[in-house]
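**Q** Got a structure here, written out as structure tokens. Questions coming.
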Amino acid sequence: MPVEDPLLVLAIVAGAAILKHFVWRAASPALARPAWARAADRLGFRQTGEFMIEGVHQGMTVEARAATEIAPGYVYRSATTRWNTVIEVVVPDVPAHFQMAGRDRFDPTFVTGDRDFDAAVSVRGDTLYARSVLGAEARQAVADGVRAGWWLQGGKWVHEASGLHGIEGLLRQGLALGRAVSGGHAGKARRLADEVAGEGAIGARAEALRLLASYARKTPAYATALAAARSDTHGELALAAALIEDSAEDLARVTLACTDLQARTQALVALATRHPSHPRTMQALERLTGRGDTEPVALRQALVSALIAGDPRGREAGLILSAADPEAQVAIPAIEALGEHGTLAAVSALAPLRDRAMGGAASAAALRAILQIQARAPHAEVGGLALVESGGELALAEDDPGAQSEKM
């Protein structure tokens, strides 16, 4: 669409010229020279060239340099000179094969458990070193640095960008990144214990505890970290401690006292499958079933599934408790499992269930279970329960021949 107003055309041309002028001035070496000299002076480095800075800070070797490149011209535009700045911060004790960069550069081989950090940063290399240096503060510094264009490779942080400005801020950020990943080989156990006891992401703290257990399980640092993990009331960290120690006491505590449903469910499954006959297991099962519908149905269903899949020793008592659950979706699988694996001791517990108000499905399941159990043990002991046929229907009868059959 043609522009008819000549004043408007003139204003557009003038605006473009002014913008180009300020863009040129912003990239002008004349404006950047004082900033480079000031940065070198404030940080205690040497300015070895007009746009070259070198120095050592807390054992880290720092080098910043700028170089030019010629950008080719176009039909209506001449070739131009561009400045690029490269900064390198060498951290002496970082393993050469340890790498960190944005997720777009490479896929990670290690994750911290901190969702925000893991979404922004890819980490490769020594797992123990990574965990020991990447505490909560270090993760924040690294994530900020990676978003600003830094990457770590070959034992040094590197930043490349066009232009000459912002040199002091970039140098300070590079030094902060160097400090964040230095000292990983010194005090690894202490660093990991501090991570567990800190206020960082729960997943990262749990991973630190697992790594500490594999690396320094017999140290005071692990004992300190374990105590901190056991005090977790949410559940994920306490669950990690319970699984590492394979402790029925800890698993029962997570099952009954923590707030996270997923952690409680995992602890319950581990408790029922690893320690089916332990007194704490039975106490936990009794408390869960005693709470009735105050516990989530999903947790009670997980309990039945764990009992069914677990060691046959000791699981019958748990299934008997679950068979009395007020929810049919919990009770019926427990009843059916007793029918398949239960002993005569379960018959007296199943007998009253036919009168429960949960519906015909549970009553029918209880009767079938009793039949299955007695079919496996046809000669019941005196004092037990037996099924008899009465008027074409099944009934439960006492040993006493004169006892009145109860219709089903």
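Labels for the structure tokens follow display order: chains A, B, ..., residues from 1 in each chain, ligands from 1.
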List every residue of segment 203-269 of chain A that DSSP, applied to the backbone of this structure, assigns to helix (DSSP H, G or I), and report them as number ranges by chain.
**A** A: 203-216, 220-230, 236-245, 248-257, 261-269
**Q** Limited to N, CA and C atoms, could you put the picked residues into a file as a compact mmCIF listing (two decimals), in the first residue's frame?
**A**
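The result, written out as result.txt:
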# COMPACT_ATOMS: atom_id res chain seq x y z
N GLY A 203 13.10 -34.55 46.06
CA GLY A 203 13.68 -35.57 45.19
C GLY A 203 15.19 -35.51 45.18
N ALA A 204 15.74 -34.30 45.16
CA ALA A 204 17.20 -34.14 45.17
C ALA A 204 17.78 -34.60 46.49
N ARG A 205 17.10 -34.32 47.58
CA ARG A 205 17.58 -34.72 48.90
C ARG A 205 17.54 -36.25 49.05
N ALA A 206 16.50 -36.88 48.53
CA ALA A 206 16.42 -38.34 48.59
C ALA A 206 17.53 -38.98 47.77
N GLU A 207 17.80 -38.41 46.60
CA GLU A 207 18.87 -38.95 45.76
C GLU A 207 20.23 -38.79 46.44
N ALA A 208 20.42 -37.66 47.13
CA ALA A 208 21.67 -37.45 47.85
C ALA A 208 21.84 -38.49 48.96
N LEU A 209 20.76 -38.82 49.63
CA LEU A 209 20.82 -39.83 50.70
C LEU A 209 21.19 -41.19 50.12
N ARG A 210 20.59 -41.56 49.00
CA ARG A 210 20.91 -42.85 48.38
C ARG A 210 22.38 -42.91 47.96
N LEU A 211 22.87 -41.81 47.41
CA LEU A 211 24.27 -41.78 46.98
C LEU A 211 25.20 -41.83 48.18
N LEU A 212 24.85 -41.13 49.25
CA LEU A 212 25.66 -41.14 50.46
C LEU A 212 25.70 -42.55 51.07
N ALA A 213 24.58 -43.25 51.02
CA ALA A 213 24.54 -44.61 51.57
C ALA A 213 25.47 -45.54 50.80
N SER A 214 25.56 -45.36 49.50
CA SER A 214 26.43 -46.22 48.71
C SER A 214 27.90 -45.83 48.81
N TYR A 215 28.14 -44.57 49.19
CA TYR A 215 29.52 -44.06 49.18
C TYR A 215 30.14 -44.04 50.58
N ALA A 216 29.35 -43.68 51.59
CA ALA A 216 29.93 -43.46 52.92
C ALA A 216 28.95 -43.89 54.00
N PRO A 220 29.96 -40.73 60.10
CA PRO A 220 29.05 -39.88 60.87
C PRO A 220 28.14 -39.04 59.99
N ALA A 221 28.65 -38.66 58.82
CA ALA A 221 27.83 -37.85 57.91
C ALA A 221 26.57 -38.60 57.48
N TYR A 222 26.72 -39.89 57.22
CA TYR A 222 25.54 -40.68 56.83
C TYR A 222 24.56 -40.80 58.00
N ALA A 223 25.07 -41.00 59.20
CA ALA A 223 24.20 -41.09 60.37
C ALA A 223 23.41 -39.80 60.56
N THR A 224 24.07 -38.66 60.35
CA THR A 224 23.39 -37.37 60.46
C THR A 224 22.31 -37.23 59.38
N ALA A 225 22.67 -37.61 58.15
CA ALA A 225 21.72 -37.51 57.05
C ALA A 225 20.53 -38.44 57.26
N LEU A 226 20.79 -39.63 57.78
CA LEU A 226 19.72 -40.60 58.01
C LEU A 226 18.73 -40.08 59.06
N ALA A 227 19.25 -39.48 60.11
CA ALA A 227 18.38 -38.92 61.14
C ALA A 227 17.51 -37.80 60.57
N ALA A 228 18.10 -36.97 59.70
CA ALA A 228 17.33 -35.89 59.08
C ALA A 228 16.25 -36.45 58.17
N ALA A 229 16.58 -37.50 57.42
CA ALA A 229 15.60 -38.10 56.52
C ALA A 229 14.45 -38.74 57.28
N ARG A 230 14.75 -39.39 58.39
CA ARG A 230 13.70 -40.04 59.17
C ARG A 230 12.72 -39.05 59.78
N GLU A 236 8.50 -38.75 51.11
CA GLU A 236 9.43 -39.24 50.09
C GLU A 236 10.83 -39.45 50.64
N LEU A 237 11.29 -38.49 51.43
CA LEU A 237 12.64 -38.61 51.99
C LEU A 237 12.68 -39.70 53.06
N ALA A 238 11.66 -39.75 53.90
CA ALA A 238 11.60 -40.80 54.92
C ALA A 238 11.49 -42.18 54.28
N LEU A 239 10.78 -42.28 53.17
CA LEU A 239 10.67 -43.55 52.45
C LEU A 239 12.02 -43.99 51.92
N ALA A 240 12.79 -43.06 51.37
CA ALA A 240 14.13 -43.40 50.87
C ALA A 240 14.99 -43.97 51.99
N ALA A 241 14.92 -43.35 53.17
CA ALA A 241 15.69 -43.85 54.30
C ALA A 241 15.23 -45.24 54.72
N ALA A 242 13.92 -45.45 54.75
CA ALA A 242 13.38 -46.75 55.16
C ALA A 242 13.77 -47.85 54.20
N LEU A 243 13.76 -47.55 52.90
CA LEU A 243 14.12 -48.56 51.90
C LEU A 243 15.61 -48.86 51.93
N ILE A 244 16.42 -47.83 52.14
CA ILE A 244 17.87 -48.04 52.22
C ILE A 244 18.21 -48.94 53.40
N GLU A 245 17.61 -48.64 54.55
CA GLU A 245 17.88 -49.41 55.76
C GLU A 245 17.10 -50.71 55.81
N ALA A 248 11.63 -52.36 58.99
CA ALA A 248 10.18 -52.48 59.18
C ALA A 248 9.66 -51.34 60.04
N GLU A 249 10.44 -50.93 61.02
CA GLU A 249 10.04 -49.81 61.89
C GLU A 249 9.85 -48.54 61.08
N ASP A 250 10.82 -48.24 60.23
CA ASP A 250 10.74 -47.01 59.42
C ASP A 250 9.62 -47.10 58.39
N LEU A 251 9.47 -48.25 57.75
CA LEU A 251 8.41 -48.42 56.76
C LEU A 251 7.04 -48.26 57.40
N ALA A 252 6.87 -48.81 58.60
CA ALA A 252 5.59 -48.67 59.29
C ALA A 252 5.32 -47.21 59.64
N ARG A 253 6.37 -46.49 60.04
CA ARG A 253 6.21 -45.09 60.38
C ARG A 253 5.77 -44.27 59.17
N VAL A 254 6.38 -44.52 58.02
CA VAL A 254 5.98 -43.82 56.80
C VAL A 254 4.54 -44.16 56.44
N THR A 255 4.19 -45.44 56.52
CA THR A 255 2.85 -45.89 56.18
C THR A 255 1.78 -45.20 57.02
N LEU A 256 2.05 -45.03 58.30
CA LEU A 256 1.02 -44.55 59.22
C LEU A 256 1.08 -43.05 59.47
N ALA A 257 2.26 -42.44 59.41
CA ALA A 257 2.40 -41.07 59.90
C ALA A 257 2.65 -40.02 58.84
N LEU A 261 0.49 -39.65 49.83
CA LEU A 261 -0.16 -40.93 49.59
C LEU A 261 0.73 -41.88 48.81
N GLN A 262 1.44 -41.38 47.82
CA GLN A 262 2.30 -42.25 47.03
C GLN A 262 3.41 -42.85 47.89
N ALA A 263 4.02 -42.03 48.74
CA ALA A 263 5.08 -42.54 49.62
C ALA A 263 4.51 -43.56 50.61
N ARG A 264 3.33 -43.28 51.15
CA ARG A 264 2.72 -44.21 52.09
C ARG A 264 2.41 -45.55 51.41
N THR A 265 1.92 -45.48 50.18
CA THR A 265 1.58 -46.70 49.45
C THR A 265 2.82 -47.54 49.18
N GLN A 266 3.90 -46.88 48.74
CA GLN A 266 5.14 -47.61 48.47
C GLN A 266 5.70 -48.22 49.76
N ALA A 267 5.61 -47.47 50.85
CA ALA A 267 6.09 -48.01 52.12
C ALA A 267 5.26 -49.21 52.56
N LEU A 268 3.97 -49.13 52.36
CA LEU A 268 3.08 -50.22 52.75
C LEU A 268 3.37 -51.48 51.95
N VAL A 269 3.54 -51.32 50.64
CA VAL A 269 3.86 -52.47 49.79
C VAL A 269 5.18 -53.09 50.22
**Q** So that I can see what lies close to Glu63 of chain A, please list as a VMD selection string the residues with an atom at most 9 Å from it, counting only C-alpha atoms and leaving out residues fewer than 6 positions away in the same chain.
**A** chain A and resid 52 to 56 86 to 90
**Q** Any chance you could export the current selection's N, CA and C atoms as a PDB file, in the first residue's frame?
**A**
ATOM      1  N   MET A  52      41.211  -7.650  26.185  1.00  0.00           N
ATOM      2  CA  MET A  52      41.715  -8.921  26.694  1.00  0.00           C
ATOM      3  C   MET A  52      42.010  -8.773  28.183  1.00  0.00           C
ATOM      4  N   ILE A  53      41.433  -9.678  28.985  1.00  0.00           N
ATOM      5  CA  ILE A  53      41.591  -9.658  30.438  1.00  0.00           C
ATOM      6  C   ILE A  53      42.037 -11.037  30.886  1.00  0.00           C
ATOM      7  N   GLU A  54      43.017 -11.075  31.800  1.00  0.00           N
ATOM      8  CA  GLU A  54      43.489 -12.330  32.359  1.00  0.00           C
ATOM      9  C   GLU A  54      43.659 -12.175  33.861  1.00  0.00           C
ATOM     10  N   GLY A  55      43.518 -13.287  34.566  1.00  0.00           N
ATOM     11  CA  GLY A  55      43.717 -13.217  36.004  1.00  0.00           C
ATOM     12  C   GLY A  55      43.448 -14.547  36.672  1.00  0.00           C
ATOM     13  N   VAL A  56      43.697 -14.579  37.980  1.00  0.00           N
ATOM     14  CA  VAL A  56      43.465 -15.767  38.796  1.00  0.00           C
ATOM     15  C   VAL A  56      42.634 -15.343  39.994  1.00  0.00           C
ATOM     16  N   VAL A  86      34.596 -13.888  24.109  1.00  0.00           N
ATOM     17  CA  VAL A  86      34.700 -15.242  24.659  1.00  0.00           C
ATOM     18  C   VAL A  86      35.299 -15.146  26.058  1.00  0.00           C
ATOM     19  N   ILE A  87      34.634 -15.781  27.021  1.00  0.00           N
ATOM     20  CA  ILE A  87      35.126 -15.803  28.401  1.00  0.00           C
ATOM     21  C   ILE A  87      35.313 -17.257  28.822  1.00  0.00           C
ATOM     22  N   GLU A  88      36.443 -17.550  29.447  1.00  0.00           N
ATOM     23  CA  GLU A  88      36.712 -18.894  29.957  1.00  0.00           C
ATOM     24  C   GLU A  88      37.138 -18.795  31.422  1.00  0.00           C
ATOM     25  N   VAL A  89      36.533 -19.625  32.244  1.00  0.00           N
ATOM     26  CA  VAL A  89      36.886 -19.705  33.661  1.00  0.00           C
ATOM     27  C   VAL A  89      37.282 -21.154  33.932  1.00  0.00           C
ATOM     28  N   VAL A  90      38.575 -21.394  34.154  1.00  0.00           N
ATOM     29  CA  VAL A  90      39.088 -22.744  34.364  1.00  0.00           C
ATOM     30  C   VAL A  90      39.022 -23.067  35.859  1.00  0.00           C
TER      31      VAL A  90
END
**Q** As a PDB file with C-alpha atoms, in the first residue's frame, please: the residues near segment 100-113 of chain A (cut-off 12 Å, only C-alpha atoms, same-chain neighbours under 6 positions excluded).
**A**
ATOM      1  CA  VAL A  94      36.565 -30.235  38.105  1.00  0.00           C
ATOM      2  CA  ALA A 119      14.393 -29.183  33.020  1.00  0.00           C
ATOM      3  CA  ALA A 120      16.996 -26.478  32.304  1.00  0.00           C
ATOM      4  CA  VAL A 121      20.388 -28.194  32.663  1.00  0.00           C
ATOM      5  CA  SER A 122      21.929 -31.357  31.245  1.00  0.00           C
ATOM      6  CA  VAL A 123      24.623 -32.977  33.407  1.00  0.00           C
ATOM      7  CA  ARG A 124      27.092 -35.615  32.289  1.00  0.00           C
ATOM      8  CA  GLY A 125      29.972 -37.310  34.067  1.00  0.00           C
ATOM      9  CA  ASP A 126      30.857 -38.446  37.581  1.00  0.00           C
ATOM     10  CA  THR A 127      27.602 -39.023  39.477  1.00  0.00           C
ATOM     11  CA  LEU A 128      29.190 -38.745  42.893  1.00  0.00           C
ATOM     12  CA  TYR A 129      30.961 -35.510  41.968  1.00  0.00           C
ATOM     13  CA  ALA A 130      27.767 -34.072  40.489  1.00  0.00           C
ATOM     14  CA  ARG A 131      25.731 -34.862  43.572  1.00  0.00           C
ATOM     15  CA  SER A 132      28.393 -33.584  45.967  1.00  0.00           C
ATOM     16  CA  VAL A 133      28.678 -30.152  44.308  1.00  0.00           C
ATOM     17  CA  LEU A 134      25.114 -29.545  43.116  1.00  0.00           C
ATOM     18  CA  GLY A 135      23.485 -28.434  46.345  1.00  0.00           C
ATOM     19  CA  ALA A 136      20.474 -26.131  46.316  1.00  0.00           C
ATOM     20  CA  ALA A 138      24.811 -24.343  43.363  1.00  0.00           C
ATOM     21  CA  ARG A 139      21.871 -25.620  41.308  1.00  0.00           C
ATOM     22  CA  VAL A 142      24.229 -23.140  37.472  1.00  0.00           C
ATOM     23  CA  ALA A 143      20.675 -22.919  36.131  1.00  0.00           C
ATOM     24  CA  ASP A 144      20.931 -19.114  35.914  1.00  0.00           C
ATOM     25  CA  GLY A 145      24.325 -19.360  34.218  1.00  0.00           C
ATOM     26  CA  VAL A 146      23.210 -21.946  31.683  1.00  0.00           C
ATOM     27  CA  ARG A 147      20.177 -19.838  30.802  1.00  0.00           C
ATOM     28  CA  ALA A 148      22.583 -16.927  30.221  1.00  0.00           C
ATOM     29  CA  GLY A 149      24.557 -19.009  27.720  1.00  0.00           C
ATOM     30  CA  TRP A 150      27.345 -20.574  29.823  1.00  0.00           C
ATOM     31  CA  TRP A 151      28.402 -24.213  29.558  1.00  0.00           C
ATOM     32  CA  LEU A 152      30.942 -26.364  31.423  1.00  0.00           C
ATOM     33  CA  GLN A 153      33.259 -28.666  29.513  1.00  0.00           C
ATOM     34  CA  GLY A 154      36.862 -29.788  29.875  1.00  0.00           C
ATOM     35  CA  GLY A 155      37.108 -28.340  33.379  1.00  0.00           C
ATOM     36  CA  LYS A 156      36.151 -24.792  32.390  1.00  0.00           C
ATOM     37  CA  TRP A 157      33.090 -22.605  32.090  1.00  0.00           C
ATOM     38  CA  VAL A 158      32.758 -20.974  28.673  1.00  0.00           C
ATOM     39  CA  HIS A 159      30.599 -18.106  27.439  1.00  0.00           C
ATOM     40  CA  LEU A 177      29.757 -20.628  38.459  1.00  0.00           C
ATOM     41  CA  VAL A 181      31.285 -26.517  41.115  1.00  0.00           C
ATOM     42  CA  GLU A 195      22.068 -31.569  51.007  1.00  0.00           C
ATOM     43  CA  GLY A 200      16.024 -28.113  48.726  1.00  0.00           C
ATOM     44  CA  ALA A 201      13.784 -30.212  46.515  1.00  0.00           C
ATOM     45  CA  ILE A 202      12.707 -33.447  48.205  1.00  0.00           C
ATOM     46  CA  GLY A 203      13.680 -35.572  45.192  1.00  0.00           C
ATOM     47  CA  ALA A 204      17.198 -34.144  45.167  1.00  0.00           C
ATOM     48  CA  ARG A 205      17.578 -34.725  48.903  1.00  0.00           C
ATOM     49  CA  ALA A 206      16.416 -38.339  48.592  1.00  0.00           C
ATOM     50  CA  GLU A 207      18.868 -38.950  45.760  1.00  0.00           C
ATOM     51  CA  ALA A 208      21.672 -37.447  47.854  1.00  0.00           C
ATOM     52  CA  LEU A 209      20.824 -39.825  50.695  1.00  0.00           C
ATOM     53  CA  ARG A 210      20.915 -42.852  48.381  1.00  0.00           C
ATOM     54  CA  LEU A 211      24.269 -41.785  46.982  1.00  0.00           C
ATOM     55  CA  GLU A 236       9.428 -39.241  50.086  1.00  0.00           C
ATOM     56  CA  LEU A 237      12.635 -38.608  51.993  1.00  0.00           C
TER      57      LEU A 237
END
**Q** In Å, with one decimal, what is the gap from atom CA of Leu321 of chain A to atom CA of Gly235 of chain A?
**A**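 So the two atoms, atom CA of Leu321 of chain A and atom CA of Gly235 of chain A, lie 24.8 Å apart.
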**Q** Considering only strand (DSSP E or B) as DSSP defines it on the backbone, what residues of segment 125-290 of chain A qualify? List them as a ChimeraX atom specification.
**A** /A:151-153,156-162
**Q** At what distance in Å, to one decimal, does atom CA of Pro29 of chain A lie from atom CA of Arg46 of chain A?
**A** 18.8 Å
**Q** How many Å lie between atom CA of Thr68 of chain A and atom CA of Asn84 of chain A, rounded to one decimal?
**A**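 According to the coordinates, atom CA of Thr68 of chain A and atom CA of Asn84 of chain A are separated by 6.1 Å.
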**Q** So that I can see what lies close to Glu340 of chain A, please list as a ChimeraX atom specification the residues with an atom at most 12 Å from it, counting only C-alpha atoms and leaving out residues fewer than 3 positions away in the same chain.
**A** /A:308,312,316,319,333-337,343-344,346,365-366,368-376
**Q** For a quick check of understanding, using only C-alpha atoms, which of A:Glu295, A:Glu50, A:Asp194, A:Glu199 has the smallest distance to Asp114 of chain A?
**A**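 Smallest separation from Asp114 of chain A among the options: A:Glu199.
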**Q** Skip Met282 of chain A itself and residues of its chain fewer than 3 positions away, then list as a list in words all residues within 10 Å of it, counting only C-alpha atoms.
**A**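 Returned residues: Ala252, Leu271, Ala272, His275, Pro276, Ser277, His278, Pro279, Leu285, Glu286, Arg287, Leu288, Gly314, Arg315, Ala317, Gly318 and Leu321 of chain A.
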**Q** Pick the closest to Thr85 of chain A from A:Arg38, A:Arg65, A:Arg191, A:His341: which is it, counting only C-alpha atoms?
**A**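 Smallest separation from Thr85 of chain A among the options: A:Arg65.
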